[in-house]
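Quick look at input.cif (mmCIF, C-alpha atoms and all ligand atoms; chains and numbers go by the auth columns):
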```cif
data_my_file
loop_
_atom_site.group_PDB
_atom_site.id
_atom_site.type_symbol
_atom_site.label_atom_id
_atom_site.label_comp_id
_atom_site.label_asym_id
_atom_site.label_seq_id
_atom_site.Cartn_x
_atom_site.Cartn_y
_atom_site.Cartn_z
_atom_site.B_iso_or_equiv
_atom_site.auth_seq_id
_atom_site.auth_asym_id
ATOM 1 C CA MET A 1 0.000 0.000 0.000 0.00 1 O
ATOM 2 C CA LYS A 2 1.361 3.381 -1.071 0.00 2 O
ATOM 3 C CA ILE A 3 0.343 6.833 0.105 0.00 3 O
ATOM 4 C CA ILE A 4 0.104 9.978 -2.030 0.00 4 O
ATOM 5 C CA SER A 5 -0.603 13.256 -0.256 0.00 5 O
ATOM 6 C CA ILE A 6 -1.787 16.348 -2.057 0.00 6 O
ATOM 7 C CA ILE A 7 -0.412 19.420 -0.376 0.00 7 O
ATOM 8 C CA SER A 8 -0.293 23.138 -1.024 0.00 8 O
ATOM 9 C CA GLN A 9 -0.312 26.189 1.130 0.00 9 O
ATOM 10 C CA LYS A 10 -2.563 27.888 -1.365 0.00 10 O
ATOM 11 C CA GLY A 11 -6.347 27.478 -1.150 0.00 11 O
ATOM 12 C CA GLY A 12 -7.952 26.901 -4.546 0.00 12 O
ATOM 13 C CA SER A 13 -4.828 25.453 -6.162 0.00 13 O
ATOM 14 C CA GLY A 14 -6.717 22.277 -7.104 0.00 14 O
ATOM 15 C CA LYS A 15 -5.880 19.792 -4.317 0.00 15 O
ATOM 16 C CA THR A 16 -9.391 18.398 -3.951 0.00 16 O
ATOM 17 C CA THR A 17 -10.002 18.292 -7.701 0.00 17 O
ATOM 18 C CA LEU A 18 -6.744 16.425 -8.289 0.00 18 O
ATOM 19 C CA ALA A 19 -7.391 14.013 -5.389 0.00 19 O
ATOM 20 C CA ALA A 20 -10.871 13.075 -6.673 0.00 20 O
ATOM 21 C CA ASN A 21 -9.845 12.760 -10.313 0.00 21 O
ATOM 22 C CA LEU A 22 -6.754 10.659 -9.647 0.00 22 O
ATOM 23 C CA ALA A 23 -8.655 8.432 -7.217 0.00 23 O
ATOM 24 C CA VAL A 24 -11.508 7.762 -9.653 0.00 24 O
ATOM 25 C CA TYR A 25 -9.124 7.183 -12.547 0.00 25 O
ATOM 26 C CA ALA A 26 -7.028 4.772 -10.455 0.00 26 O
ATOM 27 C CA SER A 27 -10.218 2.938 -9.382 0.00 27 O
ATOM 28 C CA MET A 28 -11.124 2.585 -13.065 0.00 28 O
ATOM 29 C CA GLN A 29 -7.746 0.840 -13.504 0.00 29 O
ATOM 30 C CA LYS A 30 -8.990 -1.742 -10.960 0.00 30 O
ATOM 31 C CA LEU A 31 -6.807 -0.440 -8.159 0.00 31 O
ATOM 32 C CA LYS A 32 -8.254 -0.453 -4.645 0.00 32 O
ATOM 33 C CA ILE A 33 -8.234 3.198 -3.600 0.00 33 O
ATOM 34 C CA LEU A 34 -8.920 4.942 -0.322 0.00 34 O
ATOM 35 C CA LEU A 35 -9.373 8.707 -0.338 0.00 35 O
ATOM 36 C CA ILE A 36 -8.782 10.438 2.979 0.00 36 O
ATOM 37 C CA ASP A 37 -10.246 13.889 3.532 0.00 37 O
ATOM 38 C CA THR A 38 -8.302 15.726 6.240 0.00 38 O
ATOM 39 C CA ASP A 39 -9.671 19.173 5.351 0.00 39 O
ATOM 40 C CA PRO A 40 -12.158 20.475 7.952 0.00 40 O
ATOM 41 C CA GLN A 41 -13.980 22.183 5.050 0.00 41 O
ATOM 42 C CA LYS A 42 -14.892 18.669 3.807 0.00 42 O
ATOM 43 C CA SER A 43 -15.164 19.522 0.092 0.00 43 O
ATOM 44 C CA LEU A 44 -14.002 16.031 -0.874 0.00 44 O
ATOM 45 C CA SER A 45 -16.443 14.353 1.536 0.00 45 O
ATOM 46 C CA TYR A 46 -19.376 16.407 0.188 0.00 46 O
ATOM 47 C CA TRP A 47 -18.379 15.420 -3.347 0.00 47 O
ATOM 48 C CA TRP A 48 -18.128 11.755 -2.334 0.00 48 O
ATOM 49 C CA GLU A 49 -21.578 11.798 -0.693 0.00 49 O
ATOM 50 C CA GLN A 50 -23.069 12.748 -4.079 0.00 50 O
ATOM 51 C CA ARG A 51 -21.495 9.716 -5.747 0.00 51 O
ATOM 52 C CA GLU A 52 -23.567 6.743 -6.838 0.00 52 O
ATOM 53 C CA GLU A 53 -20.500 4.552 -7.413 0.00 53 O
ATOM 54 C CA LYS A 54 -19.046 2.703 -4.442 0.00 54 O
ATOM 55 C CA THR A 55 -15.430 3.332 -5.434 0.00 55 O
ATOM 56 C CA PRO A 56 -13.136 4.893 -4.442 0.00 56 O
ATOM 57 C CA ALA A 57 -13.706 4.469 -0.711 0.00 57 O
ATOM 58 C CA LEU A 58 -13.484 7.583 1.445 0.00 58 O
ATOM 59 C CA ALA A 59 -12.548 8.190 5.063 0.00 59 O
ATOM 60 C CA ASP A 60 -12.972 11.483 6.832 0.00 60 O
ATOM 61 C CA VAL A 61 -10.041 11.743 9.262 0.00 61 O
ATOM 62 C CA SER A 62 -8.444 14.681 11.055 0.00 62 O
ATOM 63 C CA ILE A 63 -4.722 15.217 10.485 0.00 63 O
ATOM 64 C CA LYS A 64 -4.195 14.455 14.158 0.00 64 O
ATOM 65 C CA ASP A 65 -5.639 10.926 13.686 0.00 65 O
ATOM 66 C CA LEU A 66 -4.169 10.259 10.240 0.00 66 O
ATOM 67 C CA GLU A 67 -1.054 8.360 11.291 0.00 67 O
ATOM 68 C CA LYS A 68 -3.037 6.055 13.585 0.00 68 O
ATOM 69 C CA THR A 69 -5.672 5.459 10.888 0.00 69 O
ATOM 70 C CA ILE A 70 -3.019 4.520 8.328 0.00 70 O
ATOM 71 C CA LYS A 71 -1.275 2.205 10.820 0.00 71 O
ATOM 72 C CA ASN A 72 -4.550 0.404 11.536 0.00 72 O
ATOM 73 C CA LEU A 73 -5.426 -0.151 7.865 0.00 73 O
ATOM 74 C CA LYS A 74 -5.043 -3.743 6.738 0.00 74 O
ATOM 75 C CA LYS A 75 -2.158 -3.486 4.285 0.00 75 O
ATOM 76 C CA ASP A 76 -3.824 -5.516 1.508 0.00 76 O
ATOM 77 C CA LEU A 77 -7.171 -3.721 1.721 0.00 77 O
ATOM 78 C CA PHE A 78 -6.003 -0.843 -0.482 0.00 78 O
ATOM 79 C CA ASP A 79 -3.349 -0.473 -3.181 0.00 79 O
ATOM 80 C CA LEU A 80 -3.214 3.288 -2.869 0.00 80 O
ATOM 81 C CA VAL A 81 -4.288 5.904 -0.332 0.00 81 O
ATOM 82 C CA ILE A 82 -4.734 9.490 -1.562 0.00 82 O
ATOM 83 C CA VAL A 83 -4.786 12.142 1.166 0.00 83 O
ATOM 84 C CA ASP A 84 -6.407 15.542 0.525 0.00 84 O
ATOM 85 C CA THR A 85 -5.236 18.254 2.913 0.00 85 O
ATOM 86 C CA PRO A 86 -6.385 21.664 4.160 0.00 86 O
ATOM 87 C CA PRO A 87 -5.277 24.864 2.447 0.00 87 O
ATOM 88 C CA HIS A 88 -2.627 25.778 4.937 0.00 88 O
ATOM 89 C CA THR A 89 0.680 24.054 5.390 0.00 89 O
ATOM 90 C CA ASN A 90 1.395 24.749 9.008 0.00 90 O
ATOM 91 C CA GLU A 91 3.419 22.433 11.243 0.00 91 O
ATOM 92 C CA THR A 92 0.625 19.821 11.380 0.00 92 O
ATOM 93 C CA ILE A 93 1.173 19.079 7.686 0.00 93 O
ATOM 94 C CA LYS A 94 4.588 17.672 8.610 0.00 94 O
ATOM 95 C CA SER A 95 2.895 14.565 10.021 0.00 95 O
ATOM 96 C CA VAL A 96 1.091 14.066 6.688 0.00 96 O
ATOM 97 C CA ILE A 97 4.383 14.420 4.811 0.00 97 O
ATOM 98 C CA ASN A 98 5.943 11.951 7.197 0.00 98 O
ATOM 99 C CA ILE A 99 3.565 9.100 6.322 0.00 99 O
ATOM 100 C CA SER A 100 3.595 9.796 2.551 0.00 100 O
ATOM 101 C CA ASP A 101 5.462 7.935 -0.188 0.00 101 O
ATOM 102 C CA LEU A 102 4.865 10.730 -2.666 0.00 102 O
ATOM 103 C CA ILE A 103 3.671 14.327 -2.417 0.00 103 O
ATOM 104 C CA LEU A 104 1.850 16.137 -5.210 0.00 104 O
ATOM 105 C CA ILE A 105 1.765 19.934 -5.140 0.00 105 O
ATOM 106 C CA PRO A 106 -0.796 21.520 -7.475 0.00 106 O
ATOM 107 C CA VAL A 107 0.173 25.019 -8.536 0.00 107 O
ATOM 108 C CA LYS A 108 -1.786 27.504 -10.631 0.00 108 O
ATOM 109 C CA PRO A 109 0.309 29.572 -13.035 0.00 109 O
ATOM 110 C CA SER A 110 0.027 32.860 -11.184 0.00 110 O
ATOM 111 C CA PRO A 111 2.460 35.114 -9.286 0.00 111 O
ATOM 112 C CA ASN A 112 0.497 34.637 -6.052 0.00 112 O
ATOM 113 C CA ASP A 113 0.620 30.859 -6.277 0.00 113 O
ATOM 114 C CA LEU A 114 4.333 30.924 -7.042 0.00 114 O
ATOM 115 C CA ARG A 115 4.973 33.177 -4.057 0.00 115 O
ATOM 116 C CA ALA A 116 3.223 30.655 -1.801 0.00 116 O
ATOM 117 C CA ILE A 117 5.556 27.827 -2.868 0.00 117 O
ATOM 118 C CA GLY A 118 8.312 28.879 -0.476 0.00 118 O
ATOM 119 C CA ASN A 119 6.141 28.083 2.549 0.00 119 O
ATOM 120 C CA THR A 120 5.202 24.650 1.226 0.00 120 O
ATOM 121 C CA MET A 121 8.853 23.920 0.425 0.00 121 O
ATOM 122 C CA SER A 122 10.046 24.889 3.884 0.00 122 O
ATOM 123 C CA LEU A 123 7.846 22.152 5.353 0.00 123 O
ATOM 124 C CA ILE A 124 8.833 19.471 2.853 0.00 124 O
ATOM 125 C CA LYS A 125 12.573 20.030 2.810 0.00 125 O
ATOM 126 C CA ASN A 126 14.620 18.114 5.368 0.00 126 O
ATOM 127 C CA GLN A 127 12.045 15.308 5.241 0.00 127 O
ATOM 128 C CA ASN A 128 13.677 13.618 2.251 0.00 128 O
ATOM 129 C CA LYS A 129 10.376 12.939 0.496 0.00 129 O
ATOM 130 C CA LYS A 130 9.700 12.701 -3.220 0.00 130 O
ATOM 131 C CA PHE A 131 7.513 15.571 -4.386 0.00 131 O
ATOM 132 C CA ILE A 132 6.179 16.579 -7.798 0.00 132 O
ATOM 133 C CA PHE A 133 4.584 19.847 -8.871 0.00 133 O
ATOM 134 C CA VAL A 134 1.429 19.534 -10.977 0.00 134 O
ATOM 135 C CA ILE A 135 0.522 22.694 -12.881 0.00 135 O
ATOM 136 C CA ASN A 136 -3.243 23.135 -12.723 0.00 136 O
ATOM 137 C CA GLN A 137 -5.827 25.418 -14.288 0.00 137 O
ATOM 138 C CA ALA A 138 -3.402 26.523 -16.944 0.00 138 O
ATOM 139 C CA ASN A 139 -3.771 28.109 -20.316 0.00 139 O
ATOM 140 C CA LYS A 140 -1.255 25.862 -22.041 0.00 140 O
ATOM 141 C CA GLN A 141 -0.331 28.480 -24.653 0.00 141 O
ATOM 142 C CA ALA A 142 0.245 31.332 -22.196 0.00 142 O
ATOM 143 C CA ASN A 143 3.773 32.525 -21.408 0.00 143 O
ATOM 144 C CA ILE A 144 2.969 32.489 -17.693 0.00 144 O
ATOM 145 C CA THR A 145 2.499 28.693 -17.868 0.00 145 O
ATOM 146 C CA LEU A 146 5.985 28.153 -19.265 0.00 146 O
ATOM 147 C CA SER A 147 7.558 30.634 -16.848 0.00 147 O
ATOM 148 C CA THR A 148 5.759 28.930 -13.929 0.00 148 O
ATOM 149 C CA ALA A 149 7.149 25.544 -15.017 0.00 149 O
ATOM 150 C CA THR A 150 10.642 27.049 -15.293 0.00 150 O
ATOM 151 C CA GLU A 151 10.393 28.691 -11.872 0.00 151 O
ATOM 152 C CA LEU A 152 9.049 25.513 -10.212 0.00 152 O
ATOM 153 C CA SER A 153 11.803 23.386 -11.742 0.00 153 O
ATOM 154 C CA LYS A 154 14.279 25.347 -9.587 0.00 154 O
ATOM 155 C CA TYR A 155 12.643 23.767 -6.539 0.00 155 O
ATOM 156 C CA GLY A 156 11.999 20.263 -7.843 0.00 156 O
ATOM 157 C CA GLU A 157 10.382 18.009 -10.410 0.00 157 O
ATOM 158 C CA VAL A 158 7.479 19.320 -12.486 0.00 158 O
ATOM 159 C CA CYS A 159 4.989 16.842 -13.976 0.00 159 O
ATOM 160 C CA SER A 160 5.212 16.944 -17.767 0.00 160 O
ATOM 161 C CA SER A 161 1.435 16.693 -18.060 0.00 161 O
ATOM 162 C CA ILE A 162 -0.336 19.983 -17.291 0.00 162 O
ATOM 163 C CA ILE A 163 -3.998 20.320 -16.296 0.00 163 O
ATOM 164 C CA ALA A 164 -5.767 22.982 -18.335 0.00 164 O
ATOM 165 C CA ASN A 165 -8.390 25.384 -17.095 0.00 165 O
ATOM 166 C CA ARG A 166 -11.542 23.525 -18.168 0.00 166 O
ATOM 167 C CA ILE A 167 -15.099 23.891 -16.992 0.00 167 O
ATOM 168 C CA ASP A 168 -15.663 20.107 -16.889 0.00 168 O
ATOM 169 C CA TYR A 169 -13.290 19.891 -13.892 0.00 169 O
ATOM 170 C CA VAL A 170 -15.828 22.086 -12.082 0.00 170 O
ATOM 171 C CA THR A 171 -19.137 20.764 -13.413 0.00 171 O
ATOM 172 C CA SER A 172 -18.311 17.047 -13.197 0.00 172 O
ATOM 173 C CA MET A 173 -17.835 17.326 -9.450 0.00 173 O
ATOM 174 C CA ILE A 174 -21.284 18.815 -8.823 0.00 174 O
ATOM 175 C CA SER A 175 -22.850 15.393 -9.293 0.00 175 O
ATOM 176 C CA GLY A 176 -20.183 13.412 -7.457 0.00 176 O
ATOM 177 C CA LYS A 177 -18.330 12.511 -10.625 0.00 177 O
ATOM 178 C CA THR A 178 -15.009 13.453 -12.192 0.00 178 O
ATOM 179 C CA VAL A 179 -13.808 14.224 -15.712 0.00 179 O
ATOM 180 C CA THR A 180 -12.703 10.620 -16.084 0.00 180 O
ATOM 181 C CA GLU A 181 -16.290 9.346 -15.991 0.00 181 O
ATOM 182 C CA GLY A 182 -18.446 9.595 -19.091 0.00 182 O
ATOM 183 C CA SER A 183 -15.849 11.734 -20.853 0.00 183 O
ATOM 184 C CA LYS A 184 -13.495 10.861 -23.644 0.00 184 O
ATOM 185 C CA GLY A 185 -12.149 14.380 -23.909 0.00 185 O
ATOM 186 C CA LYS A 186 -8.904 16.196 -23.230 0.00 186 O
ATOM 187 C CA SER A 187 -9.428 16.293 -19.463 0.00 187 O
ATOM 188 C CA LEU A 188 -9.547 12.511 -19.278 0.00 188 O
ATOM 189 C CA ILE A 189 -6.238 12.351 -21.167 0.00 189 O
ATOM 190 C CA GLU A 190 -4.672 14.879 -18.742 0.00 190 O
ATOM 191 C CA ILE A 191 -5.652 12.834 -15.696 0.00 191 O
ATOM 192 C CA LYS A 192 -4.547 9.598 -17.358 0.00 192 O
ATOM 193 C CA ASP A 193 -1.140 11.148 -18.196 0.00 193 O
ATOM 194 C CA ILE A 194 -0.670 12.458 -14.651 0.00 194 O
ATOM 195 C CA PHE A 195 -1.607 9.102 -13.168 0.00 195 O
ATOM 196 C CA ASN A 196 0.857 7.320 -15.463 0.00 196 O
ATOM 197 C CA TYR A 197 3.530 9.892 -14.606 0.00 197 O
ATOM 198 C CA VAL A 198 3.189 9.467 -10.848 0.00 198 O
ATOM 199 C CA LYS A 199 2.637 5.707 -10.771 0.00 199 O
ATOM 200 C CA LYS A 200 6.280 4.998 -11.664 0.00 200 O
ATOM 201 C CA TYR A 201 7.211 6.405 -8.252 0.00 201 O
ATOM 202 C CA LEU A 202 4.858 4.038 -6.473 0.00 202 O
ATOM 203 C CA CYS A 203 6.283 0.692 -7.607 0.00 203 O
HETATM 204 P P1 LIG B . -8.201 23.291 -3.248 0.00 1 P
HETATM 205 O O1 LIG B . -8.683 21.949 -2.797 0.00 1 P
HETATM 206 O O2 LIG B . -6.722 23.358 -3.419 0.00 1 P
HETATM 207 O O3 LIG B . -8.715 24.417 -2.405 0.00 1 P
HETATM 208 P P2 LIG B . -10.062 22.887 -5.431 0.00 1 P
HETATM 209 O O4 LIG B . -9.724 21.568 -6.013 0.00 1 P
HETATM 210 O O5 LIG B . -11.246 22.954 -4.522 0.00 1 P
HETATM 211 O O6 LIG B . -8.788 23.537 -4.730 0.00 1 P
HETATM 212 O O7 LIG B . -10.247 23.889 -6.663 0.00 1 P
HETATM 213 C C1 LIG B . -10.599 25.254 -6.431 0.00 1 P
HETATM 214 C C2 LIG B . -11.638 25.673 -7.488 0.00 1 P
HETATM 215 O O8 LIG B . -11.051 25.619 -8.767 0.00 1 P
HETATM 216 C C3 LIG B . -12.858 24.767 -7.522 0.00 1 P
HETATM 217 O O9 LIG B . -13.990 25.549 -7.796 0.00 1 P
HETATM 218 C C4 LIG B . -12.552 23.819 -8.676 0.00 1 P
HETATM 219 O O10 LIG B . -13.740 23.329 -9.292 0.00 1 P
HETATM 220 C C5 LIG B . -11.779 24.730 -9.625 0.00 1 P
HETATM 221 N N1 LIG B . -10.801 23.998 -10.436 0.00 1 P
HETATM 222 C C6 LIG B . -9.832 23.164 -10.000 0.00 1 P
HETATM 223 N N2 LIG B . -9.101 22.701 -11.022 0.00 1 P
HETATM 224 C C7 LIG B . -9.620 23.249 -12.148 0.00 1 P
HETATM 225 C C8 LIG B . -9.301 23.177 -13.551 0.00 1 P
HETATM 226 N N3 LIG B . -8.289 22.438 -13.993 0.00 1 P
HETATM 227 N N4 LIG B . -10.057 23.895 -14.421 0.00 1 P
HETATM 228 C C9 LIG B . -11.083 24.666 -13.981 0.00 1 P
HETATM 229 N N5 LIG B . -11.428 24.787 -12.691 0.00 1 P
HETATM 230 C C10 LIG B . -10.713 24.086 -11.770 0.00 1 P
HETATM 231 MG MG MG B . -9.669 21.369 -1.055 0.00 2 P
#
```
Please express the file's structure as structure tokens.
Amino acid sequence: MKIISIISQKGGSGKTTLAANLAVYASMQKLKILLIDTDPQKSLSYWWEQREEKTPALADVSIKDLEKTIKNLKKDLFDLVIVDTPPHTNETIKSVINISDLILIPVKPSPNDLRAIGNTMSLIKNQNKKFIFVINQANKQANITLSTATELSKYGEVCSSIIANRIDYVTSMISGKTVTEGSKGKSLIEIKDIFNYVKKYLC
């Protein structure tokens, strides 16, 4: 069982959207997935309650209880646990980082989001954990997208697949779904590419 945590100091960077989409896509690949919602705002839990499908499973756990919950999970019950986190990376996030095999950091191509990276980095560094930036809500042709990728690469690895700014990421979640369900469009390909990119770090 491997653990991916989705972390970013910035609210609205796409943590919950990425968590849900990756989890549903991975479930569609017949992997046993547990989503854990540690955000007191419970966006992921509200989304999950709208779902008709039984997978992925979801647990609503405070950061304080996360380590104990993970320890008590039967190791063969799930292939992958995806942890969504609150929009502030204070000291408590260190315990999430500690139990993770891989950390994904969604970043929107904007000066404000880039400025917030330093805080996220200061919590990750010294913990010797693999982390990958995922550029989200991008206009792929815009100069700011390329300059964001260049700037992020100074800190660490940037996922080669970028998530575009697309309305189906928003609308699909209203009904407890994701872009990977009932869609054969570009969004599905983005999520598939990101999943394939990150899965090599989970073997
Ligand atoms: P976080 O969990 O980091 O606060 P969310 O995943 O809730 O961020 O995303 C913030 C808002 O941006 C939500 O309204 C979500 O639907 C929207 N959003 C996220 N990713 C995209 C995208 N790629 N394209 C368009 N809207 C997006
Ligand atoms: Mg969220």
| Given the file above and the PyMOL selection byres (((not hetatm)) within 6 of (chain P and resi 1)), which residues are selected, and can you give them as an MDAnalysis selection string? | chainID O and resid 11:17 87 136:137 163:167 169:170
| task | May I ask which of the residues O:Ala57, O:Glu67, O:Pro86, O:Lys186 is the closest one to ligand MG 2 (chain P), counting only C-alpha atoms and all ligand atoms? | result |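 Once distances to ligand MG 2 (chain P) are computed over only C-alpha atoms and all ligand atoms, the minimum belongs to O:Pro86.
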| Skipping near chain neighbours, those fewer than 3 positions away, what residues fall within 7 Å of region 26-43 of chain O using all atoms listed in the file, listed as a list in words? | Leu22, Ala23, Tyr46, Trp47, Thr55, Pro56, Ala57, Leu58, Ala59, Asp60, Val61, Ser62, Ile63, Phe78, Asp79, Leu80, Val81, Ile82, Val83, Asp84, Thr85 and Pro86 of chain O
| Matched chain/residue IDs from the PyMOL selection byres (((chain O and resi 156) around 9) and not hetatm), as JSON, numbers by chain | {"O": [131, 132, 133, 152, 153, 154, 155, 157, 158]}
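Shortest atom-to-atom contact with Lys71 (chain O) among O:Ser161, O:Met1, O:Gly176, O:Ile93: O:Met1, counting only C-alpha atoms.
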| request: Check which residues satisfy the PyMOL selection byres (((chain O and resi 201) around 10) and not hetatm) in the file shown, then give them as an NGL selection string. | output: :O and (2 or 101-102 or 130-131 or 196-200 or 202-203)
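In this structure, CA of Asn126 (chain O) sits 15.2 Å away from CA of Asn90 (chain O).
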| task | May I ask which of the residues O:Leu146, O:Ile189, O:Leu73, O:Ile135 is the closest one to Asp113 (chain O), counting only C-alpha atoms? | result |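 Of O:Leu146, O:Ile189, O:Leu73, O:Ile135, the one nearest Asp113 (chain O) is O:Ile135, counting only C-alpha atoms.
Going from CA of Asn112 (chain O) to CA of Ile3 (chain O) covers 28.5 Å.
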| task | Write out as a VMD selection string each polymer residue whose atoms come within 7 Å of Pro109 (chain O), counting all atoms listed in the file; drop sequence neighbours fewer than 6 positions from it. | result | chain O and resid 135 138 144 to 145 148
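Picture a line from CA of Thr92 (chain O) to CA of Arg115 (chain O); it runs 20.9 Å.
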| message | List the spatial neighbours of Glu52 (chain O) as JSON, numbers by chain - criterion: any atom at most 10 Å away, all atoms listed in the file, same-chain residues fewer than 4 positions off excluded. | response | {"O": [48, 175, 176, 177]}
